[in-house]
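Trainee: Take a look at this one; I'll ask things after.
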Amino acid sequence: MPTPSMEDYLERIYKLIDEKGYARVSDIAEGLEVHPSSVTKMIQKLDKDNYLIYEKYRGLVLTSKGKKMGKRLVDRHQLLESFLTLIGVQEENIYRDVEGIEHHLSWDSITCIETLVEYFHRDPARMDELKGIREELETSE
């Protein structure tokens with residue numbers, strides 16, 4: 001199982017490859033706001049753990065294990081953003097909150113959140129009811 005830091009790198013690498021077709025050390029460093037030397041160390045670790053194949057000066061390629069985990073991490077992030085939006089978290093707080101909680105939830109909790117989000121999305125009336133309840137609570141405070 002990857003560490004939270006490894007997850008951040010895998011998620012970023014997966015997104016870069018999906019968007020650009022490649023992931024450079026400088027792009028990863030910029031996206032994660034870390035030094036390129038830190039990226040190189042982590043890439044070597046991810047290579048050792050078979051999440052990617054790294055050749056110095058040639059770049060990196062995700063293995064099937066790395067692609068699977070990267071997609072899973074990106075999907076988790078998007079799900080948590082959707083969940084926080086659904087429950088009415090202010091947009092300016094969502095990214096920071098997701099970053100704060102995503103590594104601390106079990107995959108079982110993620111599956112339960114996914115079920116709940118799907119439940120509300122299947123019937124727009126439920127979404128309206130949820131919004132109404134939230135507004136009632138806010139006005140009673």
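Each chain in the structure tokens gets a letter, A, B and so on, in the order shown; residues start at 1 in every chain, and ligands are counted from 1 in the order they appear.
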Write out as a PyMOL selection string all residues of segment 17-141 of chain A that backbone DSSP assigns to strand (DSSP E).
Mentor: chain A and resi 52-55+59-62
Trainee: So which bits of chain A end up alpha helix (DSSP H) when you DSSP the backbone, as a PyMOL selection string?
Mentor: chain A and resi 4-20+25-32+36-48+64-86+91-101+107-122+124-140
Trainee: Segment 42-105 of chain A near segment 33-37 of chain A within 12 Å: what's each residue's closest atom pair and its distance in Å to one decimal, counting only C-alpha atoms, ordered by chain then ascending residue number, as a tab-separated table?
Mentor:
residue	atom	partner	partner_atom	distance
A:Met42	CA	A:Ser37	CA	8.7
A:Ile43	CA	A:Ser37	CA	9.8
A:Gln44	CA	A:Ser37	CA	10.8
Trainee: Skip Phe83 of chain A itself and residues of its chain fewer than 6 positions away, then list as a list in words all residues within 9 Å of it, counting only C-alpha atoms.
Mentor: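 Surrounding residues, per the criterion: Val89, Ile113, Glu114, Leu116 and Val117 of chain A.
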Trainee: Write out, as a JSON list (two decimals), in the first residue's frame, the residues just selected, with N, CA and C atoms.
Mentor:
[["chain", "number", "residue", "atom", "x", "y", "z"],
["A", 89, "VAL", "N", -20.44, 22.36, 1.28],
["A", 89, "VAL", "CA", -19.18, 23.01, 1.68],
["A", 89, "VAL", "C", -18.88, 24.12, 0.68],
["A", 113, "ILE", "N", -19.33, 6.62, 0.92],
["A", 113, "ILE", "CA", -19.55, 7.99, 0.43],
["A", 113, "ILE", "C", -20.01, 7.95, -1.02],
["A", 114, "GLU", "N", -19.39, 7.07, -1.80],
["A", 114, "GLU", "CA", -19.77, 6.94, -3.22],
["A", 114, "GLU", "C", -21.24, 6.52, -3.34],
["A", 116, "LEU", "N", -23.63, 7.06, -1.14],
["A", 116, "LEU", "CA", -24.45, 8.20, -0.71],
["A", 116, "LEU", "C", -24.56, 9.26, -1.80],
["A", 117, "VAL", "N", -23.44, 9.59, -2.43],
["A", 117, "VAL", "CA", -23.44, 10.58, -3.51],
["A", 117, "VAL", "C", -24.34, 10.09, -4.65]]
Trainee: Rank A:Glu138, A:Glu55, A:Glu92, A:Glu102 by their smallest atom-to-atom distance to Gln78 of chain A, using only C-alpha atoms, and report the top residue only.
Mentor: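 Looking only at the distances to Gln78 of chain A, the closest residue turns out to be A:Glu102.
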Trainee: Near segment 103-110 of chain A, counting only C-alpha atoms, which residues have an atom at most 9 Å away, once you skip same-chain residues fewer than 3 positions from it, shown as number ranges by chain?
Mentor: A: 3-4, 7, 76, 79-80, 98-100, 113-115
Trainee: Would you write out those residues with all heavy atoms, as a compact mmCIF listing (two decimals), in the first residue's frame?
Mentor:
# COMPACT_ATOMS: atom_id res chain seq x y z
N THR A 3 2.17 5.07 0.67
CA THR A 3 2.02 6.04 1.75
C THR A 3 1.22 7.23 1.22
O THR A 3 1.07 7.40 0.00
CB THR A 3 3.41 6.55 2.21
OG1 THR A 3 4.01 7.26 1.12
CG2 THR A 3 4.30 5.41 2.67
N PRO A 4 0.71 8.11 2.09
CA PRO A 4 0.00 9.30 1.62
C PRO A 4 0.85 10.15 0.65
O PRO A 4 0.33 10.64 -0.35
CB PRO A 4 -0.31 10.08 2.91
CG PRO A 4 -0.47 8.99 3.93
CD PRO A 4 0.58 7.97 3.55
N GLU A 7 0.90 8.46 -2.63
CA GLU A 7 -0.39 8.64 -3.28
C GLU A 7 -0.46 10.00 -3.97
O GLU A 7 -0.97 10.10 -5.09
CB GLU A 7 -1.53 8.52 -2.25
CG GLU A 7 -1.78 7.11 -1.79
CD GLU A 7 -2.96 7.01 -0.84
OE1 GLU A 7 -3.47 8.05 -0.36
OE2 GLU A 7 -3.40 5.88 -0.58
N ARG A 76 -10.99 8.95 -6.37
CA ARG A 76 -11.28 9.22 -4.96
C ARG A 76 -11.35 10.71 -4.72
O ARG A 76 -12.25 11.21 -4.05
CB ARG A 76 -10.20 8.58 -4.07
CG ARG A 76 -10.37 8.91 -2.59
CD ARG A 76 -9.26 8.36 -1.74
NE ARG A 76 -8.00 9.06 -1.97
CZ ARG A 76 -6.86 8.71 -1.40
NH1 ARG A 76 -6.79 7.68 -0.59
NH2 ARG A 76 -5.76 9.40 -1.66
N LEU A 79 -14.50 12.13 -6.23
CA LEU A 79 -15.65 11.73 -5.43
C LEU A 79 -15.78 12.59 -4.18
O LEU A 79 -16.87 13.07 -3.84
CB LEU A 79 -15.54 10.25 -5.02
CG LEU A 79 -16.58 9.77 -4.00
CD1 LEU A 79 -17.97 9.77 -4.62
CD2 LEU A 79 -16.21 8.40 -3.46
N LEU A 80 -14.66 12.81 -3.49
CA LEU A 80 -14.70 13.62 -2.27
C LEU A 80 -15.06 15.07 -2.57
O LEU A 80 -15.79 15.70 -1.80
CB LEU A 80 -13.38 13.51 -1.51
CG LEU A 80 -13.13 12.12 -0.90
CD1 LEU A 80 -11.73 12.04 -0.32
CD2 LEU A 80 -14.18 11.78 0.14
N VAL A 98 -10.46 18.36 0.85
CA VAL A 98 -10.22 17.04 0.25
C VAL A 98 -8.78 16.63 0.50
O VAL A 98 -8.52 15.49 0.89
CB VAL A 98 -10.56 17.04 -1.26
CG1 VAL A 98 -10.04 15.75 -1.92
CG2 VAL A 98 -12.05 17.17 -1.49
N GLU A 99 -7.85 17.54 0.28
CA GLU A 99 -6.44 17.22 0.53
C GLU A 99 -6.22 16.82 1.99
O GLU A 99 -5.37 15.98 2.28
CB GLU A 99 -5.55 18.42 0.18
CG GLU A 99 -5.42 18.67 -1.31
CD GLU A 99 -4.76 17.52 -2.05
OE1 GLU A 99 -3.71 17.03 -1.61
OE2 GLU A 99 -5.31 17.12 -3.09
N GLY A 100 -6.98 17.39 2.89
CA GLY A 100 -6.83 17.10 4.30
C GLY A 100 -7.41 15.76 4.73
O GLY A 100 -6.94 15.16 5.69
N ILE A 113 -19.33 6.62 0.92
CA ILE A 113 -19.55 7.99 0.43
C ILE A 113 -20.01 7.95 -1.02
O ILE A 113 -20.92 8.67 -1.42
CB ILE A 113 -18.28 8.84 0.62
CG1 ILE A 113 -18.04 9.13 2.10
CG2 ILE A 113 -18.38 10.15 -0.18
CD1 ILE A 113 -16.69 9.74 2.42
N GLU A 114 -19.39 7.07 -1.80
CA GLU A 114 -19.77 6.94 -3.22
C GLU A 114 -21.24 6.52 -3.34
O GLU A 114 -21.99 7.05 -4.17
CB GLU A 114 -18.87 5.90 -3.89
CG GLU A 114 -19.12 5.73 -5.36
CD GLU A 114 -18.14 4.75 -5.98
OE1 GLU A 114 -17.69 3.81 -5.29
OE2 GLU A 114 -17.83 4.95 -7.16
N THR A 115 -21.67 5.59 -2.50
CA THR A 115 -23.06 5.14 -2.50
C THR A 115 -24.00 6.30 -2.13
O THR A 115 -25.04 6.48 -2.77
CB THR A 115 -23.24 3.98 -1.50
OG1 THR A 115 -22.34 2.92 -1.85
CG2 THR A 115 -24.67 3.45 -1.50
Trainee: Could you check the closest approach to Asp27 of chain A for each of A:Lys68, A:Leu73, A:Tyr54, A:Gly59 and tell me which residue wins, using only C-alpha atoms?
Mentor: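 The answer is A:Gly59, which sits nearest to Asp27 of chain A.
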Trainee: So how far away is atom CA of Ile28 of chain A from atom CA of Tyr9 of chain A, in Å?
Mentor: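 Between atom CA of Tyr9 of chain A and atom CA of Ile28 of chain A the gap works out to 7.5 Å.
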Trainee: With a distance cut-off of 8 Å and only C-alpha atoms, select the neighbouring residues of Leu10 of chain A, excluding the residue or stretch itself and same-chain residues fewer than 2 positions from it, and output the selection as a ChimeraX atom specification.
Mentor: /A:6-8,12-14,66,69-70,73
Trainee: Pick from A:Leu52, A:Leu130, A:Ile17, A:Val25: nearest to Val39 of chain A, with only C-alpha atoms counted?
Mentor: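 Residue with the minimum atom-to-atom distance to Val39 of chain A: A:Val25.
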Trainee: Counting only C-alpha atoms, which of A:Ala23, A:Leu46, A:Ala125, A:Leu86 gets nearest to Thr63 of chain A?
Mentor: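 Ranked by minimum distance to Thr63 of chain A, first place goes to A:Leu46.
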Trainee: So, counting only C-alpha atoms, which residue among A:Asp47, A:Ile94, A:His121, A:Thr40 is closest to Lys65 of chain A?
Mentor: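 Nearest to Lys65 of chain A: A:Asp47.
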Trainee: Hey, can you check how far atom CA of Glu81 of chain A sits from atom CA of Tyr95 of chain A?
Mentor: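 One can read the atom CA of Glu81 of chain A to atom CA of Tyr95 of chain A distance as 7.1 Å.
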Trainee: Which residue out of A:Ser38, A:Ser82, A:Ser140, A:Glu11 has the minimum interatomic distance to Asp97 of chain A when only C-alpha atoms are used?
Mentor: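 Checking each of A:Ser38, A:Ser82, A:Ser140, A:Glu11 against Asp97 of chain A, counting only C-alpha atoms, the winner is A:Ser82.
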